[in-house]
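Source file upload.cif; content: mmCIF, C-alpha atoms and all ligand atoms.
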```cif
data_data
#
loop_
_atom_site.label_atom_id
_atom_site.label_comp_id
_atom_site.auth_asym_id
_atom_site.auth_seq_id
_atom_site.Cartn_x
_atom_site.Cartn_y
_atom_site.Cartn_z
CA MET U 1 -2.34 12.56 1.59
CA SER U 2 -3.50 11.76 5.05
CA VAL U 3 -6.28 13.38 6.98
CA ALA U 4 -6.08 14.22 10.63
CA ASP U 5 -8.55 13.60 13.35
CA GLY U 6 -7.13 14.75 16.62
CA LEU U 7 -7.00 18.49 16.29
CA VAL U 8 -4.72 20.39 18.58
CA ARG U 9 -6.28 23.39 20.11
CA ASP U 10 -3.71 26.11 20.27
CA GLY U 11 -4.04 28.11 23.41
CA SER U 12 -5.72 26.33 26.27
CA VAL U 13 -4.84 28.77 29.02
CA PRO U 14 -7.93 30.86 29.70
CA GLY U 15 -7.27 34.41 28.73
CA ASP U 16 -4.01 33.78 26.95
CA ARG U 17 -3.48 35.33 23.56
CA ALA U 18 -4.13 32.29 21.44
CA SER U 19 -7.43 31.40 23.07
CA SER U 20 -9.19 34.65 22.49
CA PRO U 21 -10.96 34.59 19.11
CA GLY U 22 -9.41 36.67 16.45
CA SER U 23 -6.26 37.51 18.30
CA ALA U 24 -4.36 34.26 18.05
CA PRO U 25 -0.96 34.48 16.42
CA ILE U 26 -0.66 32.53 13.17
CA PRO U 27 2.81 31.10 12.69
CA ARG U 28 4.73 32.52 9.79
CA GLY U 29 4.94 29.13 8.15
CA LEU U 30 1.21 28.99 7.73
CA ARG U 31 0.87 32.50 6.46
CA GLY U 32 3.63 31.83 3.98
CA LEU U 33 1.76 28.92 2.48
CA GLY U 34 -0.99 31.36 1.67
CA SER U 35 -3.15 30.51 -1.29
CA GLY U 36 -1.79 26.97 -1.43
CA MET U 37 -4.18 26.16 1.36
CA GLY U 38 -7.02 28.20 -0.04
CA LYS U 39 -10.35 27.58 1.62
CA LYS U 40 -9.02 24.52 3.34
CA GLU U 41 -7.49 26.63 6.04
CA ARG U 42 -9.79 27.05 9.00
CA TRP U 43 -9.03 29.48 11.71
CA ASN U 44 -11.82 30.19 14.09
CA GLY U 45 -9.66 31.73 16.73
CA ARG U 46 -9.71 28.72 18.99
CA PHE U 47 -8.87 25.56 17.06
CA TRP U 48 -6.31 24.71 14.46
CA PHE U 49 -7.82 22.52 11.84
CA LEU U 50 -4.72 20.67 10.88
CA THR U 51 -6.83 18.33 8.84
CA MET U 52 -7.72 21.06 6.45
CA LEU U 53 -4.15 22.15 6.10
CA ALA U 54 -3.20 18.63 5.14
CA ILE U 55 -5.72 18.54 2.35
CA GLY U 56 -4.87 21.85 0.81
CA LEU U 57 -1.13 21.84 0.98
CA ALA U 58 0.71 21.61 -2.31
CA GLY U 59 4.24 21.89 -0.96
CA GLY U 60 6.60 23.81 1.27
CA CYS U 61 7.13 23.91 4.96
CA GLY U 62 7.48 26.45 7.69
CA ASP U 63 8.44 27.02 11.27
CA ALA U 64 6.85 29.36 13.74
CA PRO U 65 9.12 32.17 14.80
CA ALA U 66 10.83 31.53 18.10
CA PRO U 67 9.02 33.23 20.95
CA LYS U 68 10.95 35.44 23.32
CA GLY U 69 9.97 33.75 26.59
CA PRO U 70 10.03 30.03 27.21
CA SER U 71 6.46 29.91 28.51
CA GLU U 72 4.97 31.06 25.20
CA GLY U 73 5.71 27.81 23.43
CA HIS U 74 7.04 26.97 20.02
CA LYS U 75 5.31 25.35 17.06
CA SER U 76 6.91 23.93 13.93
CA ILE U 77 5.12 22.57 10.92
CA ARG U 78 6.60 20.40 8.17
CA LEU U 79 5.41 18.09 5.46
CA ALA U 80 6.36 14.52 6.31
CA LEU U 81 4.78 11.06 6.44
CA GLY U 82 2.48 12.13 3.62
CA THR U 83 0.81 14.73 5.78
CA VAL U 84 1.40 17.82 7.89
CA VAL U 85 3.49 17.11 10.95
CA THR U 86 3.36 19.61 13.77
CA ILE U 87 5.60 19.70 16.81
CA SER U 88 4.50 22.00 19.60
CA THR U 89 6.73 22.47 22.61
CA TRP U 90 6.23 24.43 25.76
CA GLY U 91 8.30 25.76 28.56
CA LEU U 92 11.90 25.30 27.48
CA GLU U 93 14.37 27.95 26.52
CA PRO U 94 13.66 28.72 22.80
CA THR U 95 17.02 27.91 21.26
CA ARG U 96 17.07 24.54 23.04
CA GLU U 97 13.49 23.92 21.94
CA GLU U 98 14.34 24.68 18.35
CA ALA U 99 17.34 22.36 18.35
CA ALA U 100 15.28 19.58 19.91
CA VAL U 101 12.49 20.02 17.38
CA GLU U 102 14.98 19.96 14.53
CA ARG U 103 16.31 16.60 15.75
CA ALA U 104 12.79 15.26 16.20
CA PHE U 105 11.93 16.12 12.59
CA ALA U 106 15.17 14.53 11.42
CA GLU U 107 14.13 11.36 13.23
CA ILE U 108 10.74 11.37 11.53
CA GLU U 109 12.43 11.80 8.17
CA ARG U 110 14.81 8.94 8.94
CA ILE U 111 11.92 6.61 9.68
CA GLU U 112 10.03 7.67 6.59
CA ALA U 113 13.10 7.05 4.44
CA MET U 114 13.37 3.58 5.91
CA MET U 115 9.73 2.51 6.01
CA SER U 116 7.99 4.13 3.09
CA PRO U 117 6.78 1.56 0.54
CA ASN U 118 6.69 4.30 -2.07
CA ARG U 119 10.38 5.20 -1.97
CA SER U 120 12.31 2.80 -4.12
CA GLU U 121 15.44 3.12 -1.97
CA SER U 122 13.74 2.45 1.39
CA GLU U 123 14.52 -0.66 3.38
CA LEU U 124 10.89 -1.64 3.07
CA SER U 125 11.10 -1.50 -0.74
CA ARG U 126 14.27 -3.56 -0.74
CA ILE U 127 12.34 -6.31 1.06
CA ASN U 128 9.23 -5.88 -1.08
CA ASP U 129 11.22 -6.00 -4.31
CA ALA U 130 13.09 -9.20 -3.43
CA PRO U 131 11.85 -12.57 -4.69
CA ARG U 132 9.36 -14.32 -2.42
CA GLY U 133 10.44 -17.21 -0.25
CA GLN U 134 13.84 -15.81 0.58
CA TRP U 135 15.19 -14.72 3.99
CA LEU U 136 16.43 -11.15 3.98
CA GLN U 137 18.50 -9.37 6.60
CA ALA U 138 16.66 -6.38 8.04
CA SER U 139 17.51 -3.74 10.59
CA PRO U 140 16.59 -4.62 14.20
CA GLU U 141 14.29 -1.62 14.31
CA LEU U 142 12.24 -2.81 11.35
CA VAL U 143 12.15 -6.37 12.64
CA ASP U 144 10.91 -5.07 16.02
CA LEU U 145 8.15 -2.98 14.48
CA LEU U 146 7.12 -5.84 12.23
CA GLY U 147 7.01 -8.06 15.30
CA ARG U 148 4.59 -5.66 16.95
CA ALA U 149 2.52 -5.48 13.78
CA LEU U 150 2.35 -9.26 13.48
CA GLU U 151 1.22 -9.50 17.11
CA ILE U 152 -1.71 -7.16 16.39
CA GLN U 153 -2.40 -9.16 13.24
CA ARG U 154 -2.59 -12.33 15.35
CA LEU U 155 -4.72 -10.80 18.12
CA SER U 156 -7.09 -9.21 15.61
CA GLY U 157 -7.57 -12.49 13.75
CA GLY U 158 -5.99 -10.99 10.64
CA ALA U 159 -8.17 -7.84 10.50
CA PHE U 160 -4.98 -5.82 10.84
CA HIS U 161 -2.43 -6.96 8.26
CA PRO U 162 0.93 -5.26 7.66
CA GLY U 163 1.38 -6.95 4.28
CA LEU U 164 -1.38 -5.47 2.15
CA LEU U 165 0.75 -3.44 -0.26
CA PRO U 166 -0.40 -5.21 -3.46
CA LEU U 167 -4.03 -4.80 -2.43
CA VAL U 168 -3.52 -1.17 -1.41
CA ARG U 169 -1.93 -0.54 -4.83
CA LEU U 170 -4.78 -2.32 -6.58
CA TRP U 171 -7.20 0.09 -4.91
CA GLY U 172 -4.84 2.98 -5.60
CA PHE U 173 -5.59 5.16 -2.62
CA SER U 174 -2.11 6.63 -2.58
CA ARG U 175 -2.23 7.40 -6.30
CA GLU U 176 -2.43 10.95 -7.60
CA PRO U 177 -4.98 11.71 -8.80
CA ALA U 178 -7.06 9.52 -6.51
CA PRO U 179 -9.06 6.75 -8.20
CA ARG U 180 -12.69 7.32 -9.08
CA GLU U 181 -13.87 3.76 -9.26
CA PRO U 182 -13.06 0.44 -7.62
CA PRO U 183 -10.83 -2.13 -9.30
CA SER U 184 -12.59 -4.91 -11.18
CA PRO U 185 -14.15 -7.68 -9.06
CA GLU U 186 -11.99 -10.14 -11.05
CA SER U 187 -8.77 -8.45 -9.96
CA ILE U 188 -9.86 -8.55 -6.33
CA ASP U 189 -10.85 -12.22 -6.65
CA ARG U 190 -7.43 -12.93 -8.12
CA TRP U 191 -5.75 -11.22 -5.18
CA ARG U 192 -7.92 -13.10 -2.71
CA ARG U 193 -7.18 -16.48 -4.27
CA LEU U 194 -3.46 -15.74 -4.15
CA ALA U 195 -3.71 -14.50 -0.55
CA ASP U 196 -5.59 -17.65 0.47
CA SER U 197 -2.86 -19.82 -0.99
CA GLY U 198 -0.26 -19.06 1.67
CA ASP U 199 1.03 -17.07 4.60
CA GLY U 200 2.33 -13.56 4.16
CA ILE U 201 5.19 -12.50 6.36
CA LEU U 202 7.70 -14.42 8.44
CA ILE U 203 10.22 -12.92 10.83
CA ASP U 204 13.18 -14.50 12.52
CA ALA U 205 13.82 -11.96 15.25
CA ALA U 206 16.89 -13.70 16.67
CA ALA U 207 18.63 -13.65 13.31
CA GLY U 208 17.17 -10.27 12.29
CA ARG U 209 15.58 -11.67 9.14
CA VAL U 210 12.32 -11.16 7.28
CA GLN U 211 10.69 -13.26 4.58
CA LEU U 212 7.74 -12.58 2.34
CA THR U 213 6.27 -15.85 1.24
CA ASN U 214 3.55 -14.98 -1.19
CA ALA U 215 3.19 -12.51 -4.05
CA ALA U 216 -0.18 -11.42 -2.64
CA PHE U 217 1.69 -9.68 0.15
CA GLY U 218 4.18 -6.85 0.40
CA LEU U 219 4.95 -4.72 3.43
CA ASP U 220 2.74 -1.69 3.92
CA LEU U 221 3.13 -0.25 7.39
CA GLY U 222 0.76 2.62 6.64
CA ALA U 223 -1.41 1.72 9.60
CA ILE U 224 1.37 1.64 12.19
CA ALA U 225 4.50 3.47 10.98
CA LYS U 226 3.11 6.97 11.47
CA GLY U 227 2.52 6.10 15.11
CA TYR U 228 6.02 4.72 15.36
CA ALA U 229 7.51 7.87 13.86
CA ILE U 230 5.57 9.99 16.36
CA ASP U 231 6.81 7.86 19.26
CA GLN U 232 10.38 8.13 18.09
CA ALA U 233 10.08 11.90 17.71
CA VAL U 234 8.75 12.13 21.27
CA ALA U 235 11.68 10.04 22.49
CA VAL U 236 14.09 12.44 20.80
CA LEU U 237 12.38 15.46 22.35
CA ARG U 238 12.60 13.88 25.78
CA ARG U 239 16.28 13.09 25.33
CA GLU U 240 16.81 16.75 24.43
CA GLY U 241 15.17 17.90 27.65
CA VAL U 242 11.68 18.73 26.34
CA ASP U 243 9.05 17.71 28.91
CA ASN U 244 5.99 19.38 27.38
CA ALA U 245 5.14 18.71 23.76
CA ILE U 246 2.69 17.47 21.18
CA VAL U 247 3.86 15.67 18.07
CA SER U 248 1.01 15.46 15.63
CA GLY U 249 1.03 13.73 12.25
CA GLY U 250 -1.95 15.10 10.41
CA GLY U 251 -3.75 15.03 13.71
CA ASP U 252 -2.87 11.64 15.10
CA LEU U 253 -0.75 12.63 18.00
CA ARG U 254 1.12 11.95 21.16
CA LEU U 255 1.41 14.49 23.91
CA ILE U 256 3.67 14.74 26.93
CA GLY U 257 3.50 17.07 29.89
CA ALA U 258 1.13 20.00 29.68
CA LYS U 259 0.72 23.44 28.21
CA GLY U 260 1.83 25.55 31.10
CA ARG U 261 -0.52 24.93 33.99
CA GLU U 262 -3.31 23.72 31.74
CA PRO U 263 -3.71 20.36 29.99
CA TRP U 264 -3.34 20.13 26.25
CA VAL U 265 -6.73 20.36 24.56
CA ILE U 266 -7.49 18.13 21.60
CA GLY U 267 -10.54 18.39 19.36
CA LEU U 268 -11.75 15.14 17.80
CA ARG U 269 -12.95 15.59 14.29
CA HIS U 270 -16.56 14.95 13.34
CA PRO U 271 -16.48 12.18 10.71
CA ARG U 272 -19.29 13.59 8.63
CA GLU U 273 -19.15 17.36 9.09
CA GLU U 274 -16.20 19.04 7.52
CA GLY U 275 -14.56 21.22 10.11
CA GLY U 276 -16.79 19.87 12.88
CA VAL U 277 -15.55 18.80 16.29
CA ILE U 278 -17.34 15.99 18.04
CA ARG U 279 -15.42 15.65 21.28
CA VAL U 280 -12.83 17.61 23.18
CA SER U 281 -10.18 15.85 25.26
CA ARG U 282 -8.18 17.63 27.92
CA LEU U 283 -5.08 15.56 28.43
CA SER U 284 -1.74 15.84 30.12
CA GLY U 285 1.02 13.45 31.12
CA ASP U 286 1.84 10.99 28.39
CA ARG U 287 -0.92 9.96 26.01
CA ALA U 288 -1.37 9.09 22.36
CA MET U 289 -4.57 9.75 20.42
CA MET U 290 -4.78 7.93 17.11
CA THR U 291 -7.75 7.81 14.75
CA SER U 292 -8.76 5.74 11.74
CA GLY U 293 -11.69 7.00 9.72
CA ASP U 294 -13.46 6.27 6.45
CA TYR U 295 -13.34 9.97 5.55
CA GLU U 296 -9.57 10.19 5.45
CA ARG U 297 -9.04 8.83 1.95
CA PHE U 298 -12.04 7.77 -0.05
CA PHE U 299 -14.02 8.20 -3.23
CA MET U 300 -17.72 7.87 -3.94
CA HIS U 301 -18.82 5.58 -6.73
CA ALA U 302 -22.44 4.81 -7.60
CA GLY U 303 -23.44 6.25 -4.25
CA VAL U 304 -21.07 3.99 -2.30
CA ARG U 305 -18.16 5.24 -0.22
CA PHE U 306 -14.93 3.35 -0.98
CA HIS U 307 -12.31 4.13 1.66
CA HIS U 308 -8.70 3.21 2.34
CA ILE U 309 -9.06 0.79 5.25
CA LEU U 310 -9.27 -2.63 3.69
CA ASP U 311 -10.64 -5.85 5.05
CA PRO U 312 -8.02 -8.52 4.27
CA ALA U 313 -10.74 -11.19 4.41
CA THR U 314 -12.63 -9.71 1.46
CA GLY U 315 -10.13 -7.48 -0.35
CA TYR U 316 -12.67 -4.63 -0.18
CA PRO U 317 -12.89 -1.59 2.08
CA SER U 318 -14.08 -2.72 5.46
CA VAL U 319 -17.84 -2.60 6.00
CA SER U 320 -18.00 -3.28 9.72
CA GLY U 321 -20.40 -0.42 10.32
CA VAL U 322 -17.66 1.64 11.94
CA ILE U 323 -16.85 4.99 10.37
CA SER U 324 -14.28 6.27 12.85
CA VAL U 325 -12.22 4.90 15.74
CA SER U 326 -10.05 6.96 18.05
CA VAL U 327 -7.74 5.18 20.45
CA GLN U 328 -6.11 6.74 23.47
CA ALA U 329 -3.06 4.67 24.21
CA THR U 330 0.20 4.64 26.06
CA ASP U 331 2.06 5.00 22.80
CA SER U 332 1.25 6.03 19.27
CA THR U 333 2.53 2.87 17.62
CA LEU U 334 0.01 0.74 19.47
CA GLY U 335 -2.77 3.31 19.15
CA ASP U 336 -2.22 3.52 15.39
CA ALA U 337 -2.41 -0.24 14.86
CA LEU U 338 -5.34 -0.68 17.24
CA SER U 339 -7.48 2.03 15.66
CA THR U 340 -7.10 0.39 12.26
CA ALA U 341 -7.73 -3.09 13.67
CA ILE U 342 -10.85 -2.01 15.58
CA PHE U 343 -12.13 -0.21 12.50
CA VAL U 344 -12.00 -3.46 10.51
CA LEU U 345 -13.27 -5.69 13.32
CA GLY U 346 -16.30 -3.57 14.07
CA ARG U 347 -17.53 -2.46 17.46
CA GLU U 348 -18.15 -5.72 19.29
CA ARG U 349 -15.05 -7.59 18.20
CA GLY U 350 -13.04 -4.37 18.42
CA ILE U 351 -13.97 -3.95 22.07
CA ARG U 352 -12.84 -7.51 22.72
CA LEU U 353 -9.49 -6.73 21.09
CA LEU U 354 -9.15 -3.63 23.27
CA GLU U 355 -9.45 -5.80 26.37
CA HIS U 356 -6.00 -7.22 25.60
CA PHE U 357 -4.50 -3.77 26.11
CA PRO U 358 -4.83 -2.26 29.57
CA GLY U 359 -4.31 1.48 29.41
CA CYS U 360 -5.86 1.74 25.95
CA GLU U 361 -9.30 3.30 25.51
CA ALA U 362 -11.45 3.82 22.45
CA LEU U 363 -14.19 5.96 21.03
CA ILE U 364 -15.99 4.22 18.20
CA ILE U 365 -18.41 5.94 15.87
CA GLU U 366 -20.75 3.81 13.80
CA GLU U 367 -22.90 4.68 10.85
CA GLY U 368 -25.77 6.91 11.88
CA MET U 369 -23.38 8.65 14.28
CA LYS U 370 -23.85 6.09 17.03
CA ILE U 371 -21.03 6.74 19.48
CA TRP U 372 -19.56 4.24 21.90
CA GLN U 373 -16.90 5.34 24.34
CA SER U 374 -14.94 3.11 26.74
CA ALA U 375 -15.07 4.13 30.39
CA GLY U 376 -11.56 5.55 30.51
CA PHE U 377 -11.62 7.45 27.23
CA VAL U 378 -11.07 11.08 28.18
CA ALA U 379 -13.39 13.21 26.08
CA ALA U 380 -16.28 15.54 26.63
CA PRO U 381 -19.07 16.10 24.10
CA HIS U 382 -18.57 19.24 22.15
CA LEU U 383 -21.12 21.29 20.29
CA THR U 384 -19.65 22.29 16.99
CA GLU U 385 -21.86 25.36 16.83
CA SER U 386 -20.46 26.70 20.06
CA ILE U 387 -17.08 27.37 18.51
CA GLY U 388 -18.57 28.75 15.35
CA VAL U 389 -17.04 26.40 12.79
CA THR U 390 -18.45 26.93 9.34
CA ASP U 391 -17.66 25.47 5.96
P1 LIG M 1 -4.89 4.10 9.26
O1 LIG M 1 -5.30 5.38 8.63
O2 LIG M 1 -3.91 4.22 10.38
O3 LIG M 1 -6.07 3.26 9.67
O4 LIG M 1 -4.08 3.28 8.17
C1 LIG M 1 -4.60 3.00 6.91
C2 LIG M 1 -3.50 2.62 5.98
O5 LIG M 1 -2.97 1.34 6.36
C3 LIG M 1 -3.99 2.44 4.55
O6 LIG M 1 -3.79 3.61 3.81
C4 LIG M 1 -3.13 1.28 4.05
O7 LIG M 1 -1.86 1.75 3.65
C5 LIG M 1 -2.97 0.44 5.27
N1 LIG M 1 -4.07 -0.52 5.52
C6 LIG M 1 -5.29 -0.57 4.91
N2 LIG M 1 -6.03 -1.57 5.44
C7 LIG M 1 -5.26 -2.15 6.39
C8 LIG M 1 -5.46 -3.24 7.29
N3 LIG M 1 -6.59 -3.94 7.34
N4 LIG M 1 -4.45 -3.55 8.15
C9 LIG M 1 -3.28 -2.86 8.14
N5 LIG M 1 -3.03 -1.84 7.30
C10 LIG M 1 -4.01 -1.48 6.45
MG MG M 2 -3.57 3.04 12.05
#
```
Can you present the structure in this file as structure tokens?
Ligand code: AMP
Ligand code: MG
Amino acid sequence: MSVADGLVRDGSVPGDRASSPGSAPIPRGLRGLGSGMGKKERWNGRFWFLTMLAIGLAGGCGDAPAPKGPSEGHKSIRLALGTVVTISTWGLEPTREEAAVERAFAEIERIEAMMSPNRSESELSRINDAPRGQWLQASPELVDLLGRALEIQRLSGGAFHPGLLPLVRLWGFSREPAPREPPSPESIDRWRRLADSGDGILIDAAAGRVQLTNAAFGLDLGAIAKGYAIDQAVAVLRREGVDNAIVSGGGDLRLIGAKGREPWVIGLRHPREEGGVIRVSRLSGDRAMMTSGDYERFFMHAGVRFHHILDPATGYPSVSGVISVSVQATDSTLGDALSTAIFVLGRERGIRLLEHFPGCEALIIEEGMKIWQSAGFVAAPHLTESIGVTD
């Protein structure tokens, strides 16, 4: 399960049907899921709380019915990448939009089948299951993405690490049911000693090969592959002639174009108030918005919050003081990796990392709801009360 943070507001044109409270059309797919979502579904007439849908969904998928006119837009919702993926398109003839969206979802599914560490037949699992210290042929696409991941690992001084699968499994955040207590300190010490004993991942890009060198490491692209899948889906949409769209995975998203004559409007989730919105971004053109937060997957134990973003230096959930990082970036792959890296690095070192990436902006929330926003981060404060969100 993954929890979303960038929430797509459906209906940004003043006076259009979706923006007037109570009158917004709810796609059939959502209605059909009915009680599966239970109280997790939030509909306040102005925002779609995709986050809540992700939590409550037990299964199934659905597409919005095709609108009659191209300007009304089209929204499709599926389960993929361990969350709810939504593709909204605007302004193209409906049958072409539908075909394009279908291909974009197929692309997302292709990437998931290749890069999921939890599917035994994925390419990632083939590499993870092989003996350590052995070069393995890998597809150029995977080698490329790993190359990008290793670059962020290097620039972040190891705070971002694409090889944490054994540690992630030790913590068990992707287990169902979710764990209720941390692993033993001994097991984490054992992992750390093994991790300290050698490098993790080698790539030989020219030969298209990958090598895992140490049993402490196995590929887990959970902090970057969702962004990559979103980017690839956007590329497919563009190839199919779609100029205006949002592809959102849980709530991490990339948008292109605009919603008619208005920008797309994105609500940024409040990290401590369920259903709350802390900022609203009005964006158009080509922008990704990716968030890492300690509220996405976590459990409380003895009054301590144990969350899913791990500090490779300690083997424990990161305690940098950051509780949420949103990155606006030129692409989702980069935004995804950077938000995780900044989360682990903490505010000061995170800002220094950001300086390597012109065109990327961040909003960092620290404990106590201290908010830092880089100059170019497009977001306006938003009063939760003013849109009437209640639990
Ligand atoms: P995100 O929500 O994008 O920050 O990604 C978190 C996911 O990435 C976790 O569920 C793990 O699968 C993995 N992960 C956890 N800690 C790290 C880390 N320090 N660097 C890279 N990936 C991580
Ligand atoms: Mg990430």
Using only C-alpha atoms and all ligand atoms, which residues of the polymer chains come no farther than 10 Å from ligand MG 2 (chain M)? I'd like the answer as a VMD selection string. chain U and resid 160 221 to 227 252 290 to 293 309 325 to 327 332 to 343
Keeping only C-alpha atoms, take the residues you just selected and write them out as a PDB file, in the coordinates of the input.
```pdb
ATOM      1  CA  PHE U 160      -4.980  -5.820  10.840  1.00  0.00           C
ATOM      2  CA  LEU U 221       3.130  -0.250   7.390  1.00  0.00           C
ATOM      3  CA  GLY U 222       0.760   2.620   6.640  1.00  0.00           C
ATOM      4  CA  ALA U 223      -1.410   1.720   9.600  1.00  0.00           C
ATOM      5  CA  ILE U 224       1.370   1.640  12.190  1.00  0.00           C
ATOM      6  CA  ALA U 225       4.500   3.470  10.980  1.00  0.00           C
ATOM      7  CA  LYS U 226       3.110   6.970  11.470  1.00  0.00           C
ATOM      8  CA  GLY U 227       2.520   6.100  15.110  1.00  0.00           C
ATOM      9  CA  ASP U 252      -2.870  11.640  15.100  1.00  0.00           C
ATOM     10  CA  MET U 290      -4.780   7.930  17.110  1.00  0.00           C
ATOM     11  CA  THR U 291      -7.750   7.810  14.750  1.00  0.00           C
ATOM     12  CA  SER U 292      -8.760   5.740  11.740  1.00  0.00           C
ATOM     13  CA  GLY U 293     -11.690   7.000   9.720  1.00  0.00           C
ATOM     14  CA  ILE U 309      -9.060   0.790   5.250  1.00  0.00           C
ATOM     15  CA  VAL U 325     -12.220   4.900  15.740  1.00  0.00           C
ATOM     16  CA  SER U 326     -10.050   6.960  18.050  1.00  0.00           C
ATOM     17  CA  VAL U 327      -7.740   5.180  20.450  1.00  0.00           C
ATOM     18  CA  SER U 332       1.250   6.030  19.270  1.00  0.00           C
ATOM     19  CA  THR U 333       2.530   2.870  17.620  1.00  0.00           C
ATOM     20  CA  LEU U 334       0.010   0.740  19.470  1.00  0.00           C
ATOM     21  CA  GLY U 335      -2.770   3.310  19.150  1.00  0.00           C
ATOM     22  CA  ASP U 336      -2.220   3.520  15.390  1.00  0.00           C
ATOM     23  CA  ALA U 337      -2.410  -0.240  14.860  1.00  0.00           C
ATOM     24  CA  LEU U 338      -5.340  -0.680  17.240  1.00  0.00           C
ATOM     25  CA  SER U 339      -7.480   2.030  15.660  1.00  0.00           C
ATOM     26  CA  THR U 340      -7.100   0.390  12.260  1.00  0.00           C
ATOM     27  CA  ALA U 341      -7.730  -3.090  13.670  1.00  0.00           C
ATOM     28  CA  ILE U 342     -10.850  -2.010  15.580  1.00  0.00           C
ATOM     29  CA  PHE U 343     -12.130  -0.210  12.500  1.00  0.00           C
TER      30      PHE U 343
END
```
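Non-sequential neighbours of Ala206 in chain U (distance at most 12 Å, separation of 3 or more positions within a chain, all atoms listed in the file) are Gln137, Ala138, Ser139, Pro140, Val143, Asp144, Gly147, Ile203, Arg209 and Val210 of chain U.
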Let me know the centre plus edge lengths, in Å and rounded to one decimal, of a box with edges along x, y and z that contains all listed atoms of ligand LIG 1 (chain M) and is padded by 8 Å on every side, as lines of an AutoDock Vina configuration file.
```
center_x = -4.2
center_y = 0.7
center_z = 7.0
size_x = 20.7
size_y = 25.3
size_z = 22.7
```
Extract, using all atoms listed in the file, all DNA, RNA and protein residues at most 10 Å from Ile87 in chain U, discarding same-chain residues fewer than 5 positions from it, and format them as a VMD selection string. chain U and resid 63 74 to 78 101 to 102 104 to 105 230 233 to 234 237 245 to 249 253 to 255
Hey, can you spit out that residue selection with C-alpha atoms as a PDB file, in the coordinates of the input?
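Saved as result35.pdb:
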```
ATOM      1  CA  ASP U  63       8.440  27.020  11.270  1.00  0.00           C
ATOM      2  CA  HIS U  74       7.040  26.970  20.020  1.00  0.00           C
ATOM      3  CA  LYS U  75       5.310  25.350  17.060  1.00  0.00           C
ATOM      4  CA  SER U  76       6.910  23.930  13.930  1.00  0.00           C
ATOM      5  CA  ILE U  77       5.120  22.570  10.920  1.00  0.00           C
ATOM      6  CA  ARG U  78       6.600  20.400   8.170  1.00  0.00           C
ATOM      7  CA  VAL U 101      12.490  20.020  17.380  1.00  0.00           C
ATOM      8  CA  GLU U 102      14.980  19.960  14.530  1.00  0.00           C
ATOM      9  CA  ALA U 104      12.790  15.260  16.200  1.00  0.00           C
ATOM     10  CA  PHE U 105      11.930  16.120  12.590  1.00  0.00           C
ATOM     11  CA  ILE U 230       5.570   9.990  16.360  1.00  0.00           C
ATOM     12  CA  ALA U 233      10.080  11.900  17.710  1.00  0.00           C
ATOM     13  CA  VAL U 234       8.750  12.130  21.270  1.00  0.00           C
ATOM     14  CA  LEU U 237      12.380  15.460  22.350  1.00  0.00           C
ATOM     15  CA  ALA U 245       5.140  18.710  23.760  1.00  0.00           C
ATOM     16  CA  ILE U 246       2.690  17.470  21.180  1.00  0.00           C
ATOM     17  CA  VAL U 247       3.860  15.670  18.070  1.00  0.00           C
ATOM     18  CA  SER U 248       1.010  15.460  15.630  1.00  0.00           C
ATOM     19  CA  GLY U 249       1.030  13.730  12.250  1.00  0.00           C
ATOM     20  CA  LEU U 253      -0.750  12.630  18.000  1.00  0.00           C
ATOM     21  CA  ARG U 254       1.120  11.950  21.160  1.00  0.00           C
ATOM     22  CA  LEU U 255       1.410  14.490  23.910  1.00  0.00           C
TER      23      LEU U 255
END
```
Would you tabulate, counting only C-alpha atoms, all residues of range 216-287 of chain U that have an atom at most 10 Å from an atom of range 119-134 of chain U, showing the closest pair of atoms and their distance in Å to one decimal, sorted by chain then ascending number, as JSON lines?
```
{"residue": "U:Ala216", "atom": "CA", "partner": "U:Arg132", "partner_atom": "CA", "distance": 10.0}
{"residue": "U:Phe217", "atom": "CA", "partner": "U:Asn128", "partner_atom": "CA", "distance": 8.5}
{"residue": "U:Gly218", "atom": "CA", "partner": "U:Asn128", "partner_atom": "CA", "distance": 5.4}
{"residue": "U:Leu219", "atom": "CA", "partner": "U:Asn128", "partner_atom": "CA", "distance": 6.3}
{"residue": "U:Asp220", "atom": "CA", "partner": "U:Leu124", "partner_atom": "CA", "distance": 8.2}
{"residue": "U:Leu221", "atom": "CA", "partner": "U:Leu124", "partner_atom": "CA", "distance": 9.0}
```
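If all atoms listed in the file are the atoms counted, then among U:Val168, U:Ala215, U:Leu268, U:Ile188 the closest residue to ligand LIG 1 (chain M) is U:Val168.
Comparing U:Ala106, U:Ile256, U:Ala113, U:Met289 by their smallest distance to ligand LIG 1 (chain M), the closest is U:Met289 (using only C-alpha atoms and all ligand atoms).
Shortest separation to ligand LIG 1 (chain M) among U:Ala100, U:Leu150, U:Ala80, U:Leu310 occurs at residue U:Leu310, atoms counted being only C-alpha atoms and all ligand atoms.
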Using only C-alpha atoms: which of U:Ala235, U:Val265, U:Val344, U:Ala258 has the shortest distance to Arg103 in chain U: U:Ala235
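Shortest separation to ligand LIG 1 (chain M) among U:Gly200, U:Pro312, U:Gly285, U:Gly275 occurs at residue U:Pro312, atoms counted being all atoms listed in the file.
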Between U:Gly303, U:Pro166, U:Gly241, U:Pro263, single out the one closest to ligand LIG 1 (chain M), counting all atoms listed in the file. U:Pro166
When you look at Ile201 in chain U with a cut-off of 7 Å (counting all atoms listed in the file), what residues show up, excluding the ones that are within fewer than 5 positions of it in the same chain? I need them as number ranges by chain. U: 211-213
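Between CA of Val84 in chain U and CA of Phe306 in chain U the separation is 23.6 Å.
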